[in-house]
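Peer 1: Right, I'll just put the structure down here and ask away after.
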Amino acid sequence: MILQPLVPVDGALPGPVLTEIAALYSTNHAFFELSGDFPDPNRITVEQVAEALAGELAHDSAEVLLARSAGRLVGLAATLAQAPADDDPDPWIGLLLIDATAHREGYGRAVATLIEDRFRAAGRTGVRIAVLDDNPEALAFWQSQGYVPLRRAEDRERGRACTVLRKPLEAP
């Protein structure tokens, strides 16, 4: 598995890659029903995905990473190297999305580990994620990866109830 940063070309995302990402998003309609990120989670368009990705990349320290296995796009992660809050020293995983047709095949765990390794290599000592409270499967996944709940909060984008979790990153 490899992680590749998504890099806009002349301010735009390459069409074929964007189409591939939109197909990945479309497999996850159940998650997007919970999140409310798209008006119709069963009909996510390329344009909507382009707008969502532009929003992710608008943050100064944001990175969108594409996860590929045997050339196939199996996942996407959005990260923030610097948290928006000044009193938060940790980087964040803002989104981890795995192709729903490949859930429970180990891709989520592999991508999370690669992200943690990237942050560890950059000298970071922990990483955080906020999980929507009405997504118990995601909460169970992150806790199984060693993330520990810190507090309850509302997300910055839509005020949705969530649990903030943190995992310490020890030196290799």
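Residue numbering restarts at 1 in every chain; chains get A, B, ... in the order shown in the structure tokens, and ligands count up from 1 in that same order.
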For Leu97 in chain A, please output as a CSV table (one decimal) with N, CA, C and O atoms, in the first residue's frame all residues within 10 Å (counting only C-alpha atoms; exclusion window: fewer than 6 positions along the same chain).
Peer 2:
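Final output, saved to around-v6.csv:
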chain,number,residue,atom,x,y,z
A,24,LEU,N,-15.0,6.5,-5.1
A,24,LEU,CA,-14.7,6.1,-3.8
A,24,LEU,C,-15.7,6.7,-2.8
A,24,LEU,O,-16.3,6.0,-1.9
A,25,TYR,N,-16.0,8.0,-2.9
A,25,TYR,CA,-17.0,8.7,-2.0
A,25,TYR,C,-18.3,8.0,-2.2
A,25,TYR,O,-19.0,7.8,-1.2
A,27,THR,N,-19.2,5.0,-2.8
A,27,THR,CA,-19.4,3.7,-2.1
A,27,THR,C,-19.7,3.9,-0.6
A,27,THR,O,-20.2,3.0,0.0
A,28,ASN,N,-19.5,5.1,-0.1
A,28,ASN,CA,-19.7,5.4,1.3
A,28,ASN,C,-20.9,6.1,1.7
A,28,ASN,O,-20.9,7.0,2.6
A,31,PHE,N,-22.0,6.4,5.4
A,31,PHE,CA,-21.2,7.4,6.2
A,31,PHE,C,-21.8,8.8,5.9
A,31,PHE,O,-22.0,9.6,6.8
A,66,LEU,N,-4.0,9.9,-1.0
A,66,LEU,CA,-4.7,8.8,-1.7
A,66,LEU,C,-4.0,7.5,-1.4
A,66,LEU,O,-2.8,7.4,-1.5
A,67,ALA,N,-4.8,6.5,-0.9
A,67,ALA,CA,-4.2,5.2,-0.6
A,67,ALA,C,-4.5,4.3,-1.8
A,67,ALA,O,-5.6,4.1,-2.2
A,74,VAL,N,-8.0,2.7,-2.9
A,74,VAL,CA,-8.8,2.0,-1.9
A,74,VAL,C,-9.2,2.9,-0.7
A,74,VAL,O,-10.0,2.5,0.1
A,75,GLY,N,-8.6,4.1,-0.7
A,75,GLY,CA,-8.9,5.0,0.4
A,75,GLY,C,-8.4,6.4,0.2
A,75,GLY,O,-7.6,6.6,-0.7
A,76,LEU,N,-8.8,7.2,1.1
A,76,LEU,CA,-8.4,8.6,1.1
A,76,LEU,C,-8.4,9.1,2.5
A,76,LEU,O,-9.2,8.7,3.3
A,77,ALA,N,-7.4,9.9,2.8
A,77,ALA,CA,-7.3,10.5,4.2
A,77,ALA,C,-7.0,12.0,4.0
A,77,ALA,O,-6.2,12.4,3.1
A,78,ALA,N,-7.6,12.8,4.9
A,78,ALA,CA,-7.3,14.2,5.0
A,78,ALA,C,-6.7,14.4,6.3
A,78,ALA,O,-7.2,14.0,7.3
A,103,HIS,N,-14.3,-2.8,2.8
A,103,HIS,CA,-14.3,-2.7,4.3
A,103,HIS,C,-13.9,-4.1,4.9
A,103,HIS,O,-14.2,-5.1,4.3
A,107,TYR,N,-7.5,-2.4,5.1
A,107,TYR,CA,-7.1,-1.1,4.5
A,107,TYR,C,-7.1,0.0,5.4
A,107,TYR,O,-6.2,0.9,5.5
A,108,GLY,N,-8.2,0.1,6.2
A,108,GLY,CA,-8.3,1.2,7.2
A,108,GLY,C,-7.1,1.2,8.2
A,108,GLY,O,-6.5,2.2,8.4
A,111,VAL,N,-3.9,2.2,6.3
A,111,VAL,CA,-3.8,3.6,6.0
A,111,VAL,C,-3.5,4.4,7.3
A,111,VAL,O,-2.7,5.3,7.4
Peer 1: I'd like the neighbourhood of Val7 in chain A as a count of residues only, where a residue qualifies if any of its atoms comes within 10 Å (using only C-alpha atoms), though same-chain residues fewer than 5 positions away should be ignored.
Peer 2: 7
Peer 1: Taking only residues of range 17-113 of chain A that have an atom at most 10 Å from an atom of range 132-138 of chain A, what is each one's shortest atom pair and its distance in Å to one decimal, using only C-alpha atoms, in chain and number order, as CSV?
Peer 2:
residue,atom,partner,partner_atom,distance
A:Phe31,CA,A:Asn135,CA,8.1
A:Leu34,CA,A:Asp134,CA,7.1
A:Ser35,CA,A:Leu132,CA,7.6
A:Leu96,CA,A:Ala138,CA,9.8
Peer 1: For the atom pair CA of Asp99 in chain A and CA of Leu3 in chain A, what is the interatomic distance in Å to one decimal place?
Peer 2: 14.7 Å
Peer 1: Name all residues at most 7 Å from Thr125 in chain A (count only C-alpha atoms; drop same-chain ones fewer than 3 positions away) and give them as a ChimeraX atom specification.
Peer 2: /A:120,168-170
Peer 1: Given the selection you just returned, output its residues as a file containing all heavy atoms, formatted as a PDB file, in the first residue's frame.
Peer 2:
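The result, written out as result05.pdb:
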ATOM      1  N   ARG A 120       4.966  10.512  12.911  1.00  0.00           N
ATOM      2  CA  ARG A 120       6.063  10.108  13.796  1.00  0.00           C
ATOM      3  C   ARG A 120       7.407  10.522  13.174  1.00  0.00           C
ATOM      4  O   ARG A 120       8.265  11.066  13.863  1.00  0.00           O
ATOM      5  CB  ARG A 120       6.011   8.594  14.010  1.00  0.00           C
ATOM      6  CG  ARG A 120       6.935   8.074  15.087  1.00  0.00           C
ATOM      7  CD  ARG A 120       6.806   6.567  15.276  1.00  0.00           C
ATOM      8  NE  ARG A 120       5.523   6.197  15.870  1.00  0.00           N
ATOM      9  CZ  ARG A 120       4.516   5.591  15.211  1.00  0.00           C
ATOM     10  NH1 ARG A 120       4.644   5.249  13.947  1.00  0.00           N
ATOM     11  NH2 ARG A 120       3.397   5.297  15.839  1.00  0.00           N
ATOM     12  N   PRO A 168      -0.957   8.405  21.325  1.00  0.00           N
ATOM     13  CA  PRO A 168       0.441   8.836  21.440  1.00  0.00           C
ATOM     14  C   PRO A 168       1.279   8.151  20.367  1.00  0.00           C
ATOM     15  O   PRO A 168       1.027   6.992  20.017  1.00  0.00           O
ATOM     16  CB  PRO A 168       0.860   8.376  22.838  1.00  0.00           C
ATOM     17  CG  PRO A 168      -0.198   7.452  23.326  1.00  0.00           C
ATOM     18  CD  PRO A 168      -1.393   7.585  22.436  1.00  0.00           C
ATOM     19  N   LEU A 169       2.228   8.885  19.835  1.00  0.00           N
ATOM     20  CA  LEU A 169       3.142   8.334  18.821  1.00  0.00           C
ATOM     21  C   LEU A 169       4.527   8.263  19.425  1.00  0.00           C
ATOM     22  O   LEU A 169       5.180   9.283  19.605  1.00  0.00           O
ATOM     23  CB  LEU A 169       3.149   9.212  17.578  1.00  0.00           C
ATOM     24  CG  LEU A 169       1.833   9.392  16.843  1.00  0.00           C
ATOM     25  CD1 LEU A 169       2.000  10.353  15.675  1.00  0.00           C
ATOM     26  CD2 LEU A 169       1.299   8.040  16.371  1.00  0.00           C
ATOM     27  N   GLU A 170       4.917   7.078  19.776  1.00  0.00           N
ATOM     28  CA  GLU A 170       6.242   6.905  20.352  1.00  0.00           C
ATOM     29  C   GLU A 170       7.279   6.721  19.272  1.00  0.00           C
ATOM     30  O   GLU A 170       6.980   6.250  18.183  1.00  0.00           O
ATOM     31  CB  GLU A 170       6.219   5.707  21.314  1.00  0.00           C
ATOM     32  CG  GLU A 170       5.546   6.120  22.611  1.00  0.00           C
ATOM     33  CD  GLU A 170       4.626   5.083  23.156  1.00  0.00           C
ATOM     34  OE1 GLU A 170       4.937   3.912  23.027  1.00  0.00           O
ATOM     35  OE2 GLU A 170       3.612   5.493  23.733  1.00  0.00           O
TER      36      GLU A 170
END
Peer 1: Mind giving me the straight-line distance from CA of Arg158 in chain A to CA of Pro41 in chain A in Å, one decimal?
Peer 2: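 Value for the CA of Arg158 in chain A-CA of Pro41 in chain A distance: 16.6 Å.
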Peer 1: Could you tell me, as an MDAnalysis selection string, which residues of range 15-156 of chain A DSSP assigns to strand (DSSP E or B) when given the backbone?
Peer 2: chainID A and resid 62:69 72:80 92:98 126:132 148:154
Peer 1: Could you go through chain A and tell me which residues DSSP, when run on the backbone, assigns to alpha helix (DSSP H), listing them as a ChimeraX atom specification?
Peer 2: /A:15-26,29-35,46-57,107-121,136-144
Peer 1: Would you save the residues from that selection as a PDB file, in the first residue's frame, using C-alpha atoms?
Peer 2:
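Contents of selection.pdb, freshly written:
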ATOM      1  CA  GLY A  15     -10.117  15.011 -13.923  1.00  0.00           C
ATOM      2  CA  PRO A  16      -9.354  11.274 -13.976  1.00  0.00           C
ATOM      3  CA  VAL A  17      -8.208  11.298 -10.341  1.00  0.00           C
ATOM      4  CA  LEU A  18     -11.231  13.338  -9.320  1.00  0.00           C
ATOM      5  CA  THR A  19     -13.535  10.840 -11.027  1.00  0.00           C
ATOM      6  CA  GLU A  20     -11.773   8.013  -9.192  1.00  0.00           C
ATOM      7  CA  ILE A  21     -12.159   9.812  -5.862  1.00  0.00           C
ATOM      8  CA  ALA A  22     -15.842  10.532  -6.533  1.00  0.00           C
ATOM      9  CA  ALA A  23     -16.400   6.810  -7.123  1.00  0.00           C
ATOM     10  CA  LEU A  24     -14.725   6.107  -3.757  1.00  0.00           C
ATOM     11  CA  TYR A  25     -16.964   8.659  -2.014  1.00  0.00           C
ATOM     12  CA  SER A  26     -20.045   7.143  -3.679  1.00  0.00           C
ATOM     13  CA  HIS A  29     -23.247   6.630   1.167  1.00  0.00           C
ATOM     14  CA  ALA A  30     -23.999   5.219   4.658  1.00  0.00           C
ATOM     15  CA  PHE A  31     -21.249   7.375   6.202  1.00  0.00           C
ATOM     16  CA  PHE A  32     -22.387  10.437   4.289  1.00  0.00           C
ATOM     17  CA  GLU A  33     -25.952   9.868   5.493  1.00  0.00           C
ATOM     18  CA  LEU A  34     -24.578  10.174   9.041  1.00  0.00           C
ATOM     19  CA  SER A  35     -22.317  13.126   8.331  1.00  0.00           C
ATOM     20  CA  VAL A  46     -17.814  14.810  -9.120  1.00  0.00           C
ATOM     21  CA  GLU A  47     -18.474  18.521  -8.627  1.00  0.00           C
ATOM     22  CA  GLN A  48     -19.541  18.003  -5.012  1.00  0.00           C
ATOM     23  CA  VAL A  49     -16.426  15.939  -4.311  1.00  0.00           C
ATOM     24  CA  ALA A  50     -14.225  18.587  -5.955  1.00  0.00           C
ATOM     25  CA  GLU A  51     -15.798  21.220  -3.680  1.00  0.00           C
ATOM     26  CA  ALA A  52     -15.351  19.013  -0.585  1.00  0.00           C
ATOM     27  CA  LEU A  53     -11.688  18.382  -1.428  1.00  0.00           C
ATOM     28  CA  ALA A  54     -11.088  22.083  -2.068  1.00  0.00           C
ATOM     29  CA  GLY A  55     -12.506  22.715   1.407  1.00  0.00           C
ATOM     30  CA  GLU A  56     -10.155  20.143   2.921  1.00  0.00           C
ATOM     31  CA  LEU A  57      -7.145  21.629   1.122  1.00  0.00           C
ATOM     32  CA  TYR A 107      -7.062  -1.133   4.458  1.00  0.00           C
ATOM     33  CA  GLY A 108      -8.279   1.215   7.195  1.00  0.00           C
ATOM     34  CA  ARG A 109      -5.737  -0.121   9.652  1.00  0.00           C
ATOM     35  CA  ALA A 110      -2.968   0.051   7.035  1.00  0.00           C
ATOM     36  CA  VAL A 111      -3.766   3.641   6.046  1.00  0.00           C
ATOM     37  CA  ALA A 112      -4.035   4.766   9.688  1.00  0.00           C
ATOM     38  CA  THR A 113      -0.627   3.184  10.397  1.00  0.00           C
ATOM     39  CA  LEU A 114       0.975   4.896   7.388  1.00  0.00           C
ATOM     40  CA  ILE A 115      -0.415   8.271   8.494  1.00  0.00           C
ATOM     41  CA  GLU A 116       0.871   7.719  12.029  1.00  0.00           C
ATOM     42  CA  ASP A 117       4.282   6.764  10.615  1.00  0.00           C
ATOM     43  CA  ARG A 118       4.377  10.004   8.582  1.00  0.00           C
ATOM     44  CA  PHE A 119       3.607  12.096  11.657  1.00  0.00           C
ATOM     45  CA  ARG A 120       6.063  10.108  13.796  1.00  0.00           C
ATOM     46  CA  ALA A 121       8.812  10.656  11.192  1.00  0.00           C
ATOM     47  CA  PRO A 136     -20.186   3.688  16.800  1.00  0.00           C
ATOM     48  CA  GLU A 137     -18.415   1.492  14.237  1.00  0.00           C
ATOM     49  CA  ALA A 138     -15.859   4.234  13.590  1.00  0.00           C
ATOM     50  CA  LEU A 139     -15.398   4.821  17.306  1.00  0.00           C
ATOM     51  CA  ALA A 140     -14.765   1.095  17.827  1.00  0.00           C
ATOM     52  CA  PHE A 141     -12.303   1.057  14.908  1.00  0.00           C
ATOM     53  CA  TRP A 142     -10.222   3.955  16.242  1.00  0.00           C
ATOM     54  CA  GLN A 143     -10.197   2.585  19.773  1.00  0.00           C
ATOM     55  CA  SER A 144      -9.003  -0.775  18.408  1.00  0.00           C
TER      56      SER A 144
END
Peer 1: What does the distance between CA of Ala130 in chain A and CA of Gly94 in chain A come to in Å, to one decimal place?
Peer 2: 7.3 Å
Peer 1: Report as an MDAnalysis selection string all protein, DNA and RNA residues lying within 7 Å of Ile2 in chain A, evaluated on only C-alpha atoms, omitting residues in the same chain fewer than 2 positions from it.
Peer 2: chainID A and resid 4 67:69
Peer 1: The selected residues should be written to file as an mmCIF file, in the first residue's frame (atoms: C-alpha atoms).
Peer 2:
data_model
loop_
_atom_site.group_PDB
_atom_site.id
_atom_site.type_symbol
_atom_site.label_atom_id
_atom_site.label_comp_id
_atom_site.auth_asym_id
_atom_site.auth_seq_id
_atom_site.Cartn_x
_atom_site.Cartn_y
_atom_site.Cartn_z
ATOM 1 C CA GLN A 4 0.263 9.661 -2.453
ATOM 2 C CA ALA A 67 -4.206 5.212 -0.601
ATOM 3 C CA ARG A 68 -3.521 2.759 -3.400
ATOM 4 C CA SER A 69 -3.123 -0.989 -3.328
#
Peer 1: Excluding Asp60 in chain A and its own-chain neighbours fewer than 6 positions away, which residues fall within 9 Å of it when counting only C-alpha atoms? Please give them as a PDB file with all heavy atoms, in the first residue's frame.
Peer 2:
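Generated file (around03.pdb):
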ATOM      1  N   LEU A  80      -4.367  17.237   8.975  1.00  0.00           N
ATOM      2  CA  LEU A  80      -3.912  18.589   9.313  1.00  0.00           C
ATOM      3  C   LEU A  80      -2.650  18.451  10.147  1.00  0.00           C
ATOM      4  O   LEU A  80      -2.693  17.865  11.229  1.00  0.00           O
ATOM      5  CB  LEU A  80      -4.957  19.327  10.146  1.00  0.00           C
ATOM      6  CG  LEU A  80      -6.133  19.963   9.437  1.00  0.00           C
ATOM      7  CD1 LEU A  80      -7.110  20.522  10.463  1.00  0.00           C
ATOM      8  CD2 LEU A  80      -5.680  21.047   8.492  1.00  0.00           C
ATOM      9  N   ALA A  81      -1.556  18.978   9.660  1.00  0.00           N
ATOM     10  CA  ALA A  81      -0.308  18.907  10.422  1.00  0.00           C
ATOM     11  C   ALA A  81      -0.347  19.843  11.627  1.00  0.00           C
ATOM     12  O   ALA A  81       0.291  19.581  12.637  1.00  0.00           O
ATOM     13  CB  ALA A  81       0.883  19.249   9.533  1.00  0.00           C
ATOM     14  N   GLN A  82      -1.124  20.914  11.515  1.00  0.00           N
ATOM     15  CA  GLN A  82      -1.262  21.876  12.605  1.00  0.00           C
ATOM     16  C   GLN A  82      -2.746  22.068  12.899  1.00  0.00           C
ATOM     17  O   GLN A  82      -3.510  22.438  12.014  1.00  0.00           O
ATOM     18  CB  GLN A  82      -0.633  23.218  12.228  1.00  0.00           C
ATOM     19  CG  GLN A  82      -0.712  24.253  13.324  1.00  0.00           C
ATOM     20  CD  GLN A  82      -0.012  23.814  14.598  1.00  0.00           C
ATOM     21  OE1 GLN A  82       1.121  23.350  14.563  1.00  0.00           O
ATOM     22  NE2 GLN A  82      -0.680  23.932  15.730  1.00  0.00           N
TER      23      GLN A  82
END
Peer 1: With only C-alpha atoms as the atoms that count, which of A:Leu150, A:Ala62, A:Cys162, A:Val127 lies nearest to Pro5 in chain A?
Peer 2: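 When distances to Pro5 in chain A are compared using only C-alpha atoms, the smallest one comes from A:Ala62.
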